[in-house]
Structure formats: C-alpha cells, structure tokens
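See below for the structure under consideration.
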Amino acid sequence: MPSVEFQGKTFNVDEDGFIDDFSNWSPEWVQYVKGTEGIEELNDEHWKCITFLQEYYKKNGIAPMVRVFSKVTGFKLKHIYELFPSGPGKGACKMAGLPKPTGCV
C-alpha cells in the first residue's frame, strides 16, 4: 500500500489517494489534502462539510449521498464544488478521511 509523508506523519493510502483507515485521520491529513486539492485556505464552510461527513460516516459507516450532503449542509452542489474543486466524493470525503465513496470516479 502506498504511503504519504506530511508534516512528520505517515499516512497509508489506497490507489486513489484516500486514507487507509478513518481512525488514522488527523489535522495534518486535512492540510495535506488541502494542498493536493489546490485549496488555499479552509474556512468555516469547509469545516462544516468535513464535520458533517465525519459524523455521518461514524453513524452510518458510509458516505452520504450527495443529495443528503447538500440538504444537511444547506450548500447547493455548485457551492460544494467551489469549496472542493474535485467534488464532494473525491475531494470532501478524502479530506474528511472517509473511504472512497461507492460510485465515485
């Protein structure tokens, strides 16, 4: 399994760059993914999305459908793409430490 080293931490990742285990998530992981996503600064809206995704995953064991993500956060899909340029599955879920969502390309 490939690994990524960033700010003194090592993260095992899958072939798509998603962290190997949600329990290995840390703030350093967020900073690493932020850089790969081309996001300059994280704001409260980013953290609202990350927190929601993590809480949903802890409760349900899967990532939410985009429709649920949009409804609960109150952000239109277009805005989620503005926050996470590679999208809610590839960008937001990766940053939140979730496994790659089913159906995510």
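Chain identifiers are assigned as A, B, and so on, following the order in which chains appear in the structure tokens; residues are numbered from 1 within each chain, and ligands are numbered from 1 in order of appearance.
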
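Look at segment 83-88 of chain A: the protein and nucleic acid residues within 8 Å of it, using only C-alpha atoms and passing over chain neighbours fewer than 4 places away, are Glu37, Gly38, Ile39, Glu45, His46, Val66, His79, Ala92 and Cys93 of chain A.
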
Could the residues of segment 26-80 of chain A that have an atom at most 8 Å from segment 1-15 of chain A be listed as a Markdown table, each with its closest atom pair and the distance in Å to one decimal, counting only C-alpha atoms and ordered by chain and ascending residue number?
| residue | atom | partner | partner_atom | distance |
| --- | --- | --- | --- | --- |
| A:Glu28 | CA | A:Gln7 | CA | 6.7 |
| A:Trp29 | CA | A:Phe6 | CA | 7.8 |
| A:Tyr32 | CA | A:Phe6 | CA | 6.6 |

Self-check item: Who sits within 10 Å of Pro64 of chain A, only C-alpha atoms, same chain under 2 positions skipped, as a PyMOL selection string
Solution: chain A and resi 52-54+56-57+60-62+66-70+88-89+93+101

Quiz prompt | Test item, strand (DSSP E or B) assignment across chain A, answer as a list in words | solution = Ser3, Val4, Glu5, Phe6, Lys9, Thr10, Phe11, Asn12, Val13 and Ile19 of chain A

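Interatomic distance, atom CA of Asp20 of chain A to atom CA of Asn43 of chain A: 25.6 Å.
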
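Closest approach to Gly35 of chain A from the set A:Met95, A:Lys71, A:Lys100, A:Ser23 is made by A:Met95, with distances taken over only C-alpha atoms.
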
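Straight-line separation from atom CA of Glu55 of chain A to atom CA of Pro27 of chain A: 15.7 Å.
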
Quiz prompt | All alpha helix (DSSP H) residues (DSSP, backbone) inside segment 6-103 of chain A, as a PyMOL selection string | solution = chain A and resi 27-37+44-60+66-73+77-83+87+94-96

Store the residues of this selection in a file with N, CA and C atoms, as a short mmCIF file (atom, residue, chain, number, x, y, z; two decimals), in the first residue's frame.
data_model
loop_
_atom_site.label_atom_id
_atom_site.label_comp_id
_atom_site.auth_asym_id
_atom_site.auth_seq_id
_atom_site.Cartn_x
_atom_site.Cartn_y
_atom_site.Cartn_z
N PRO A 27 -5.54 16.33 11.72
CA PRO A 27 -5.49 17.66 11.09
C PRO A 27 -4.39 17.76 10.03
N GLU A 28 -3.30 17.02 10.21
CA GLU A 28 -2.24 17.04 9.22
C GLU A 28 -2.73 16.46 7.90
N TRP A 29 -3.60 15.45 7.96
CA TRP A 29 -4.18 14.87 6.75
C TRP A 29 -4.97 15.93 5.99
N VAL A 30 -5.74 16.72 6.73
CA VAL A 30 -6.54 17.79 6.10
C VAL A 30 -5.61 18.76 5.37
N GLN A 31 -4.52 19.13 6.02
CA GLN A 31 -3.59 20.07 5.40
C GLN A 31 -2.94 19.48 4.15
N TYR A 32 -2.65 18.19 4.20
CA TYR A 32 -2.08 17.52 3.02
C TYR A 32 -3.08 17.53 1.86
N VAL A 33 -4.30 17.10 2.13
CA VAL A 33 -5.31 17.03 1.06
C VAL A 33 -5.63 18.44 0.55
N LYS A 34 -5.68 19.39 1.44
CA LYS A 34 -5.93 20.78 1.04
C LYS A 34 -4.95 21.20 -0.05
N GLY A 35 -3.68 20.87 0.15
CA GLY A 35 -2.67 21.21 -0.84
C GLY A 35 -2.87 20.49 -2.16
N THR A 36 -3.23 19.21 -2.11
CA THR A 36 -3.43 18.45 -3.35
C THR A 36 -4.69 18.90 -4.08
N GLU A 37 -5.63 19.47 -3.34
CA GLU A 37 -6.87 19.96 -3.95
C GLU A 37 -6.73 21.38 -4.50
N ASP A 44 -14.91 28.22 7.47
CA ASP A 44 -15.94 27.55 8.28
C ASP A 44 -16.83 26.64 7.44
N GLU A 45 -17.05 27.00 6.19
CA GLU A 45 -17.88 26.16 5.32
C GLU A 45 -17.18 24.83 5.01
N HIS A 46 -15.88 24.87 4.79
CA HIS A 46 -15.12 23.63 4.59
C HIS A 46 -15.27 22.74 5.82
N TRP A 47 -15.06 23.34 6.99
CA TRP A 47 -15.11 22.56 8.23
C TRP A 47 -16.51 22.04 8.52
N LYS A 48 -17.53 22.80 8.13
CA LYS A 48 -18.90 22.32 8.29
C LYS A 48 -19.10 21.04 7.48
N CYS A 49 -18.59 21.03 6.26
CA CYS A 49 -18.68 19.86 5.39
C CYS A 49 -17.88 18.68 5.97
N ILE A 50 -16.65 18.95 6.37
CA ILE A 50 -15.79 17.89 6.91
C ILE A 50 -16.42 17.27 8.15
N THR A 51 -16.89 18.12 9.06
CA THR A 51 -17.50 17.63 10.30
C THR A 51 -18.76 16.82 10.00
N PHE A 52 -19.61 17.32 9.09
CA PHE A 52 -20.81 16.59 8.74
C PHE A 52 -20.46 15.21 8.17
N LEU A 53 -19.52 15.18 7.24
CA LEU A 53 -19.13 13.90 6.62
C LEU A 53 -18.61 12.92 7.65
N GLN A 54 -17.79 13.39 8.56
CA GLN A 54 -17.25 12.50 9.59
C GLN A 54 -18.34 11.98 10.52
N GLU A 55 -19.23 12.85 10.95
CA GLU A 55 -20.32 12.42 11.84
C GLU A 55 -21.24 11.43 11.14
N TYR A 56 -21.55 11.70 9.89
CA TYR A 56 -22.41 10.79 9.12
C TYR A 56 -21.74 9.43 8.97
N TYR A 57 -20.45 9.45 8.67
CA TYR A 57 -19.71 8.20 8.49
C TYR A 57 -19.64 7.40 9.80
N LYS A 58 -19.39 8.07 10.90
CA LYS A 58 -19.34 7.39 12.20
C LYS A 58 -20.67 6.73 12.52
N LYS A 59 -21.77 7.38 12.16
CA LYS A 59 -23.11 6.86 12.46
C LYS A 59 -23.55 5.77 11.48
N ASN A 60 -23.20 5.92 10.19
CA ASN A 60 -23.75 5.05 9.16
C ASN A 60 -22.74 4.11 8.49
N VAL A 66 -24.95 12.55 -2.25
CA VAL A 66 -24.74 13.98 -2.49
C VAL A 66 -25.97 14.78 -2.12
N ARG A 67 -27.13 14.25 -2.42
CA ARG A 67 -28.39 14.94 -2.11
C ARG A 67 -28.51 15.20 -0.61
N VAL A 68 -28.15 14.21 0.21
CA VAL A 68 -28.20 14.35 1.66
C VAL A 68 -27.14 15.36 2.12
N PHE A 69 -25.95 15.25 1.57
CA PHE A 69 -24.85 16.17 1.88
C PHE A 69 -25.30 17.61 1.66
N SER A 70 -25.88 17.86 0.49
CA SER A 70 -26.33 19.20 0.13
C SER A 70 -27.46 19.68 1.05
N LYS A 71 -28.42 18.82 1.32
CA LYS A 71 -29.57 19.20 2.14
C LYS A 71 -29.15 19.52 3.57
N VAL A 72 -28.34 18.67 4.18
CA VAL A 72 -27.97 18.87 5.58
C VAL A 72 -27.05 20.07 5.76
N THR A 73 -26.10 20.27 4.86
CA THR A 73 -25.19 21.41 4.98
C THR A 73 -25.85 22.71 4.53
N LEU A 77 -25.04 22.04 -4.70
CA LEU A 77 -23.96 21.23 -5.25
C LEU A 77 -22.88 22.11 -5.90
N LYS A 78 -23.32 23.14 -6.60
CA LYS A 78 -22.35 24.05 -7.24
C LYS A 78 -21.40 24.65 -6.20
N HIS A 79 -21.93 25.02 -5.04
CA HIS A 79 -21.10 25.62 -3.99
C HIS A 79 -20.15 24.58 -3.39
N ILE A 80 -20.61 23.34 -3.24
CA ILE A 80 -19.74 22.28 -2.73
C ILE A 80 -18.55 22.11 -3.67
N TYR A 81 -18.80 22.18 -4.97
CA TYR A 81 -17.70 22.10 -5.95
C TYR A 81 -16.78 23.32 -5.86
N GLU A 82 -17.31 24.46 -5.48
CA GLU A 82 -16.46 25.64 -5.29
C GLU A 82 -15.56 25.44 -4.07
N LEU A 83 -16.10 24.81 -3.02
CA LEU A 83 -15.32 24.54 -1.82
C LEU A 83 -14.29 23.44 -2.05
N GLY A 87 -14.80 17.81 -6.12
CA GLY A 87 -16.14 17.32 -5.83
C GLY A 87 -16.36 16.81 -4.42
N LYS A 94 -12.39 12.65 0.81
CA LYS A 94 -10.96 12.37 1.00
C LYS A 94 -10.42 13.21 2.16
N MET A 95 -10.77 14.49 2.17
CA MET A 95 -10.28 15.39 3.21
C MET A 95 -10.81 14.99 4.59
N ALA A 96 -12.05 14.51 4.62
CA ALA A 96 -12.66 14.10 5.89
C ALA A 96 -12.16 12.76 6.39
#
